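Engineer: One structure, as structure tokens, below. Some questions next.
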Amino acid sequence: MDRAVAAIFSIGASLGGAPYALEKLLEDETALHVYLLYGEPAPTQKEDPASVCAALRNDPRFEKVSFKRTCSVRPFDPDLAYQDILQIVREVRDEGYQRVYLGITGGTKPMVAALFHLGMTELTCEVLPVYTQGVGAVPLRYFKAGATRQQIVLERVLQLARQCHLPLARVLVKELPATGPAGFVRKAIEAFADWDDFRYQEAAPKLTELHHAAQYQPKHLAESGLARTLRRYASIAAKVSLLASDVASLDKLRQSAADSGWAGRVRKEGMWLPADALANAHRRHQEGRYSDAVIRAYRACEIAMHNRLFEFGIHPSGVDWDLPALSAIRADFQPEPPRELTFERGVQLLELLQGSPFPSSHERRDLQSTRNHCYLEHGYIRVSKSTSDKLLLKACRICAELLGCEPAHFQSLVKTLEFQF
């Protein structure tokens, strides 16, 4: 694909600062494709913008410039100017240019406004507005805005991330450079998108590294919500990642449980796994994805049940009933002791191990029923916001009960895992 550089200029009743801007561009660019936009002349206008464009194309100073297209647009009605320029900007986008300059030094105000806005929103390459200040045809100063586009993309990325649209933010953030302060934001959003997708092993080392890098960023970044969120995650990420890896399979759990300190480690650090699943559920709720929120809330409760079993070296995917802790209660587990544990069967096993029932059976049934009947599982119900609100609260209480802690304590863990960008 051609990776040349392009410039789009809006042209009015005179050349204005366009020739000077082109000269300045050619100081930096060895090859330049130029698109000229001109409007129909006003009734009282003596000079035809089409002839102004022709004069620019025929200027011997620009014989090495490749004038790709000269396009007429409707210049006075903002809606019509926007429609016309949109087609041209998309054509430029589809050419795959490495960099595009927006010459906003001539033409009507609707033309300039449309060109600037569409260049910033439609183009995915590097975009640099250029402007020439002058008196009449005499140029005084030339401006090339190198930071504007980057700042616009940064704000859009952070807005998406604050709305919990991490996959969309991850796509857009690729338009930022990989180095400097913008690169710091890019890497942080990519790492949090990994975490949001439960890819702990990929995310954890990135989050730790970025936490250390935050102190070297400009003050507005070093003290930002993004940096504060990195600080909170730095003390948690590695533990969560390692524990998730240690219980990923039956064989791994057996190896981990052989350590004498395993049960204490799970009790101390294991709560972060269901807390993170519930924090993820809250993010889906913020997105308005209420069925997804309920499914993740149910998963948080399931992980809480798993954590208690992990303390005993029991993996829900393959229960060894010959373990000392299980052999004594095997006869009490009715019907036939299963090889794999569902959520309720796992809770039943925990109740036998601790010798007392959990009182939250009705709340578990509410959560399970809604999860099972929602459209993304086995039914056709669309979960409402109010139902999701209630079930997120119930899931917090269920997790705390299964883990043997106060709901307020578990909720504080969930809050620690909020994304606050």
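We label chains A, B, ... in the order they appear in the structure tokens, count residues from 1 in each chain, and number ligands from 1 in the order shown.
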Near Thr70 (chain A), within 9 Å and counting only C-alpha atoms, which residues show up once chain neighbours fewer than 5 positions away are dropped, as a tab-separated table (two decimals) with N, CA and C atoms, in the first residue's frame?

Structural biologist:
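Contents of the output file around_18.tsv:
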chain	number	residue	atom	x	y	z
A	34	VAL	N	-1.87	16.16	-2.97
A	34	VAL	CA	-2.70	17.29	-2.53
A	34	VAL	C	-4.11	17.17	-3.10
A	35	TYR	N	-5.08	17.40	-2.20
A	35	TYR	CA	-6.50	17.45	-2.58
A	35	TYR	C	-6.98	18.87	-2.33
A	36	LEU	N	-7.60	19.47	-3.33
A	36	LEU	CA	-8.09	20.84	-3.21
A	36	LEU	C	-9.62	20.84	-3.17
A	37	LEU	N	-10.18	21.56	-2.20
A	37	LEU	CA	-11.62	21.70	-2.07
A	37	LEU	C	-11.99	23.15	-2.33
A	38	TYR	N	-12.92	23.39	-3.22
A	38	TYR	CA	-13.34	24.76	-3.47
A	38	TYR	C	-14.86	24.80	-3.54
A	50	ALA	N	-12.62	27.98	-8.54
A	50	ALA	CA	-12.08	26.94	-9.42
A	50	ALA	C	-10.83	27.45	-10.14
A	53	CYS	N	-7.87	27.50	-7.76
A	53	CYS	CA	-7.26	26.16	-7.65
A	53	CYS	C	-6.37	25.88	-8.86
A	54	ALA	N	-6.84	26.28	-10.05
A	54	ALA	CA	-6.04	26.05	-11.26
A	54	ALA	C	-4.72	26.82	-11.18

Engineer: As number ranges by chain, please: all residues of region 193-374 of chain A that backbone DSSP puts in helix (DSSP H, G or I).

Structural biologist: A: 193-196, 200-214, 219-222, 225-234, 237-246, 250-257, 262-269, 272-287, 290-311, 324-327, 330-332, 343-354, 361-373

Engineer: Residues of region 18-245 of chain A classed as strand (DSSP E) by DSSP on the backbone are to be reported as a PyMOL selection string.

Structural biologist: chain A and resi 33-39+66-73+99-103+126-135+138-144

Engineer: Store the residues of this selection in a file with N, CA and C atoms, as a CSV table (one decimal), in the first residue's frame.

Structural biologist:
chain,number,residue,atom,x,y,z
A,33,HIS,N,0.9,14.4,-1.8
A,33,HIS,CA,-0.4,14.3,-2.6
A,33,HIS,C,-1.3,15.3,-2.1
A,34,VAL,N,-1.9,16.2,-3.0
A,34,VAL,CA,-2.7,17.3,-2.5
A,34,VAL,C,-4.1,17.2,-3.1
A,35,TYR,N,-5.1,17.4,-2.2
A,35,TYR,CA,-6.5,17.4,-2.6
A,35,TYR,C,-7.0,18.9,-2.3
A,36,LEU,N,-7.6,19.5,-3.3
A,36,LEU,CA,-8.1,20.8,-3.2
A,36,LEU,C,-9.6,20.8,-3.2
A,37,LEU,N,-10.2,21.6,-2.2
A,37,LEU,CA,-11.6,21.7,-2.1
A,37,LEU,C,-12.0,23.2,-2.3
A,38,TYR,N,-12.9,23.4,-3.2
A,38,TYR,CA,-13.3,24.8,-3.5
A,38,TYR,C,-14.9,24.8,-3.5
A,39,GLY,N,-15.4,26.0,-3.3
A,39,GLY,CA,-16.9,26.1,-3.3
A,39,GLY,C,-17.3,27.0,-4.5
A,66,SER,N,2.0,16.2,-6.3
A,66,SER,CA,1.0,15.5,-7.1
A,66,SER,C,-0.4,15.9,-6.7
A,67,PHE,N,-1.1,16.7,-7.5
A,67,PHE,CA,-2.4,17.2,-7.2
A,67,PHE,C,-3.4,16.1,-7.6
A,68,LYS,N,-3.9,15.4,-6.6
A,68,LYS,CA,-4.7,14.2,-6.9
A,68,LYS,C,-6.1,14.5,-7.3
A,69,ARG,N,-6.8,15.4,-6.6
A,69,ARG,CA,-8.1,15.8,-7.0
A,69,ARG,C,-8.4,17.2,-6.7
A,70,THR,N,-9.2,17.8,-7.5
A,70,THR,CA,-9.8,19.2,-7.2
A,70,THR,C,-11.3,19.0,-7.2
A,71,CYS,N,-11.9,19.3,-6.0
A,71,CYS,CA,-13.3,18.9,-5.8
A,71,CYS,C,-14.2,20.1,-5.4
A,72,SER,N,-15.3,20.2,-6.1
A,72,SER,CA,-16.3,21.2,-5.8
A,72,SER,C,-17.2,20.8,-4.6
A,73,VAL,N,-17.4,21.7,-3.7
A,73,VAL,CA,-18.3,21.4,-2.5
A,73,VAL,C,-19.2,22.5,-2.4
A,99,ARG,N,0.4,10.0,6.7
A,99,ARG,CA,0.2,11.3,7.4
A,99,ARG,C,-0.7,12.2,6.5
A,100,VAL,N,-1.6,13.0,7.1
A,100,VAL,CA,-2.4,13.9,6.3
A,100,VAL,C,-2.4,15.2,7.0
A,101,TYR,N,-2.1,16.3,6.2
A,101,TYR,CA,-2.2,17.6,6.7
A,101,TYR,C,-3.6,18.2,6.3
A,102,LEU,N,-4.1,19.0,7.2
A,102,LEU,CA,-5.4,19.7,6.9
A,102,LEU,C,-5.1,21.2,6.7
A,103,GLY,N,-5.2,21.7,5.5
A,103,GLY,CA,-5.0,23.1,5.2
A,103,GLY,C,-6.2,23.9,5.5
A,126,GLU,N,-1.7,9.7,11.2
A,126,GLU,CA,-1.3,11.0,11.8
A,126,GLU,C,-2.0,12.2,11.1
A,127,VAL,N,-2.6,13.1,11.9
A,127,VAL,CA,-3.3,14.2,11.3
A,127,VAL,C,-2.8,15.5,11.9
A,128,LEU,N,-2.4,16.4,11.0
A,128,LEU,CA,-1.8,17.7,11.4
A,128,LEU,C,-2.5,18.9,10.7
A,129,PRO,N,-3.3,19.7,11.5
A,129,PRO,CA,-3.8,20.9,10.9
A,129,PRO,C,-2.7,21.9,10.6
A,130,VAL,N,-2.8,22.6,9.5
A,130,VAL,CA,-1.8,23.7,9.2
A,130,VAL,C,-2.6,25.0,8.9
A,131,TYR,N,-2.1,26.1,9.4
A,131,TYR,CA,-2.7,27.4,9.2
A,131,TYR,C,-1.7,28.5,8.9
A,132,THR,N,-2.0,29.4,8.0
A,132,THR,CA,-1.1,30.5,7.7
A,132,THR,C,-1.8,31.8,8.1
A,133,GLN,N,-1.2,32.6,9.0
A,133,GLN,CA,-1.7,33.9,9.4
A,133,GLN,C,-1.1,34.9,8.4
A,134,GLY,N,-1.9,35.8,7.9
A,134,GLY,CA,-1.4,36.8,7.0
A,134,GLY,C,-2.2,38.0,6.8
A,135,VAL,N,-1.7,39.0,6.1
A,135,VAL,CA,-2.5,40.2,5.8
A,135,VAL,C,-2.6,40.3,4.3
A,138,VAL,N,-0.1,38.5,1.9
A,138,VAL,CA,1.2,38.5,2.6
A,138,VAL,C,1.2,37.6,3.8
A,139,PRO,N,1.9,36.4,3.8
A,139,PRO,CA,1.9,35.6,4.9
A,139,PRO,C,2.8,36.1,6.0
A,140,LEU,N,2.3,36.0,7.3
A,140,LEU,CA,3.1,36.4,8.4
A,140,LEU,C,3.7,35.3,9.2
A,141,ARG,N,2.8,34.3,9.6
A,141,ARG,CA,3.2,33.2,10.4
A,141,ARG,C,2.5,31.9,9.9
A,142,TYR,N,3.2,30.8,10.2
A,142,TYR,CA,2.7,29.5,9.8
A,142,TYR,C,2.6,28.6,11.0
A,143,PHE,N,1.5,27.9,11.2
A,143,PHE,CA,1.3,27.0,12.3
A,143,PHE,C,1.1,25.6,11.9
A,144,LYS,N,1.7,24.7,12.5
A,144,LYS,CA,1.5,23.2,12.3
A,144,LYS,C,1.1,22.6,13.7

Engineer: Residues at most 9 Å from Ala114 (chain A), counting only C-alpha atoms, excluding those fewer than 2 positions away in the same chain, as a PyMOL selection string?

Structural biologist: chain A and resi 78-79+81-83+85-86+109-112+116-119

Engineer: Using the selection just defined, write its residues with N, CA and C atoms as a CSV table (one decimal), in the first residue's frame.

Structural biologist:
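File produced: out_31.csv:
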chain,number,residue,atom,x,y,z
A,78,PRO,N,-23.8,24.6,6.2
A,78,PRO,CA,-23.0,23.7,7.0
A,78,PRO,C,-23.3,22.2,6.8
A,79,ASP,N,-24.6,21.9,6.7
A,79,ASP,CA,-25.0,20.5,6.5
A,79,ASP,C,-24.4,19.9,5.1
A,81,ALA,N,-22.0,21.2,3.2
A,81,ALA,CA,-20.5,21.2,3.2
A,81,ALA,C,-20.0,20.0,3.9
A,82,TYR,N,-20.6,19.7,5.0
A,82,TYR,CA,-20.2,18.5,5.7
A,82,TYR,C,-20.4,17.2,4.9
A,83,GLN,N,-21.5,17.1,4.2
A,83,GLN,CA,-21.8,15.9,3.4
A,83,GLN,C,-20.8,15.7,2.3
A,85,ILE,N,-17.7,17.1,2.0
A,85,ILE,CA,-16.3,16.9,2.5
A,85,ILE,C,-16.1,15.6,3.1
A,86,LEU,N,-17.2,15.0,3.7
A,86,LEU,CA,-17.2,13.7,4.3
A,86,LEU,C,-16.7,12.7,3.2
A,109,LYS,N,-16.2,29.4,6.3
A,109,LYS,CA,-16.2,28.8,7.6
A,109,LYS,C,-16.8,27.5,7.7
A,110,PRO,N,-18.0,27.2,7.0
A,110,PRO,CA,-18.5,25.8,7.0
A,110,PRO,C,-17.6,24.8,6.4
A,111,MET,N,-16.8,25.2,5.4
A,111,MET,CA,-15.8,24.3,4.8
A,111,MET,C,-14.7,24.0,5.8
A,112,VAL,N,-14.2,25.0,6.4
A,112,VAL,CA,-13.1,24.8,7.3
A,112,VAL,C,-13.5,24.0,8.5
A,116,PHE,N,-11.9,20.3,9.3
A,116,PHE,CA,-11.2,20.1,10.6
A,116,PHE,C,-11.8,18.9,11.4
A,117,HIS,N,-13.2,19.0,11.5
A,117,HIS,CA,-13.8,17.9,12.3
A,117,HIS,C,-13.7,16.6,11.6
A,118,LEU,N,-13.9,16.5,10.3
A,118,LEU,CA,-13.9,15.2,9.7
A,118,LEU,C,-12.5,14.6,9.6
A,119,GLY,N,-11.5,15.5,9.4
A,119,GLY,CA,-10.1,15.0,9.5
A,119,GLY,C,-9.8,14.4,10.8

Engineer: Report as a list in words all protein, DNA and RNA residues lying within 12 Å of region 218-220 of chain A, evaluated on only C-alpha atoms, omitting residues in the same chain fewer than 4 positions from it.

Structural biologist: Gly180, Pro181, Ala182, Phe184, Val185, Ala213, Ala214, Ser224, Gly225, Leu226, Ala227 and Arg228 of chain A

Engineer: Restricting the output to N, CA and C atoms, write the selected residues as a PDB file, in the first residue's frame.

Structural biologist:
ATOM      1  N   GLY A 180       6.475   8.063  24.808  1.00  0.00           N
ATOM      2  CA  GLY A 180       6.111   9.340  25.410  1.00  0.00           C
ATOM      3  C   GLY A 180       4.874   9.198  26.281  1.00  0.00           C
ATOM      4  N   PRO A 181       4.329  10.319  26.762  1.00  0.00           N
ATOM      5  CA  PRO A 181       3.131  10.285  27.615  1.00  0.00           C
ATOM      6  C   PRO A 181       1.943   9.601  26.948  1.00  0.00           C
ATOM      7  N   ALA A 182       1.748   9.850  25.636  1.00  0.00           N
ATOM      8  CA  ALA A 182       0.645   9.188  24.938  1.00  0.00           C
ATOM      9  C   ALA A 182       0.868   7.681  24.892  1.00  0.00           C
ATOM     10  N   PHE A 184       2.390   5.975  27.173  1.00  0.00           N
ATOM     11  CA  PHE A 184       2.077   5.490  28.521  1.00  0.00           C
ATOM     12  C   PHE A 184       0.581   5.202  28.644  1.00  0.00           C
ATOM     13  N   VAL A 185      -0.245   6.129  28.172  1.00  0.00           N
ATOM     14  CA  VAL A 185      -1.697   5.925  28.221  1.00  0.00           C
ATOM     15  C   VAL A 185      -2.082   4.732  27.347  1.00  0.00           C
ATOM     16  N   ALA A 213       6.457   3.269  35.975  1.00  0.00           N
ATOM     17  CA  ALA A 213       6.684   4.296  34.947  1.00  0.00           C
ATOM     18  C   ALA A 213       5.863   5.552  35.191  1.00  0.00           C
ATOM     19  N   ALA A 214       4.769   5.433  35.960  1.00  0.00           N
ATOM     20  CA  ALA A 214       3.860   6.571  36.158  1.00  0.00           C
ATOM     21  C   ALA A 214       4.554   7.757  36.814  1.00  0.00           C
ATOM     22  N   SER A 224      -3.023  11.481  37.830  1.00  0.00           N
ATOM     23  CA  SER A 224      -4.331  11.236  37.226  1.00  0.00           C
ATOM     24  C   SER A 224      -5.015  10.023  37.835  1.00  0.00           C
ATOM     25  N   GLY A 225      -6.303   9.868  37.534  1.00  0.00           N
ATOM     26  CA  GLY A 225      -7.028   8.685  37.972  1.00  0.00           C
ATOM     27  C   GLY A 225      -6.423   7.417  37.406  1.00  0.00           C
ATOM     28  N   LEU A 226      -5.897   7.489  36.183  1.00  0.00           N
ATOM     29  CA  LEU A 226      -5.242   6.337  35.576  1.00  0.00           C
ATOM     30  C   LEU A 226      -4.046   5.891  36.410  1.00  0.00           C
ATOM     31  N   ALA A 227      -3.215   6.841  36.846  1.00  0.00           N
ATOM     32  CA  ALA A 227      -2.044   6.507  37.663  1.00  0.00           C
ATOM     33  C   ALA A 227      -2.463   5.963  39.027  1.00  0.00           C
ATOM     34  N   ARG A 228      -3.518   6.528  39.611  1.00  0.00           N
ATOM     35  CA  ARG A 228      -3.993   6.044  40.918  1.00  0.00           C
ATOM     36  C   ARG A 228      -4.541   4.624  40.801  1.00  0.00           C
TER      37      ARG A 228
END

Engineer: Counting only C-alpha atoms, figure out which residue out of A:Phe312, A:Ala147, A:Gly346, A:Gly183 gets nearest to Leu221 (chain A).

Structural biologist: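 For Leu221 (chain A), the nearest of the given residues is A:Gly183.
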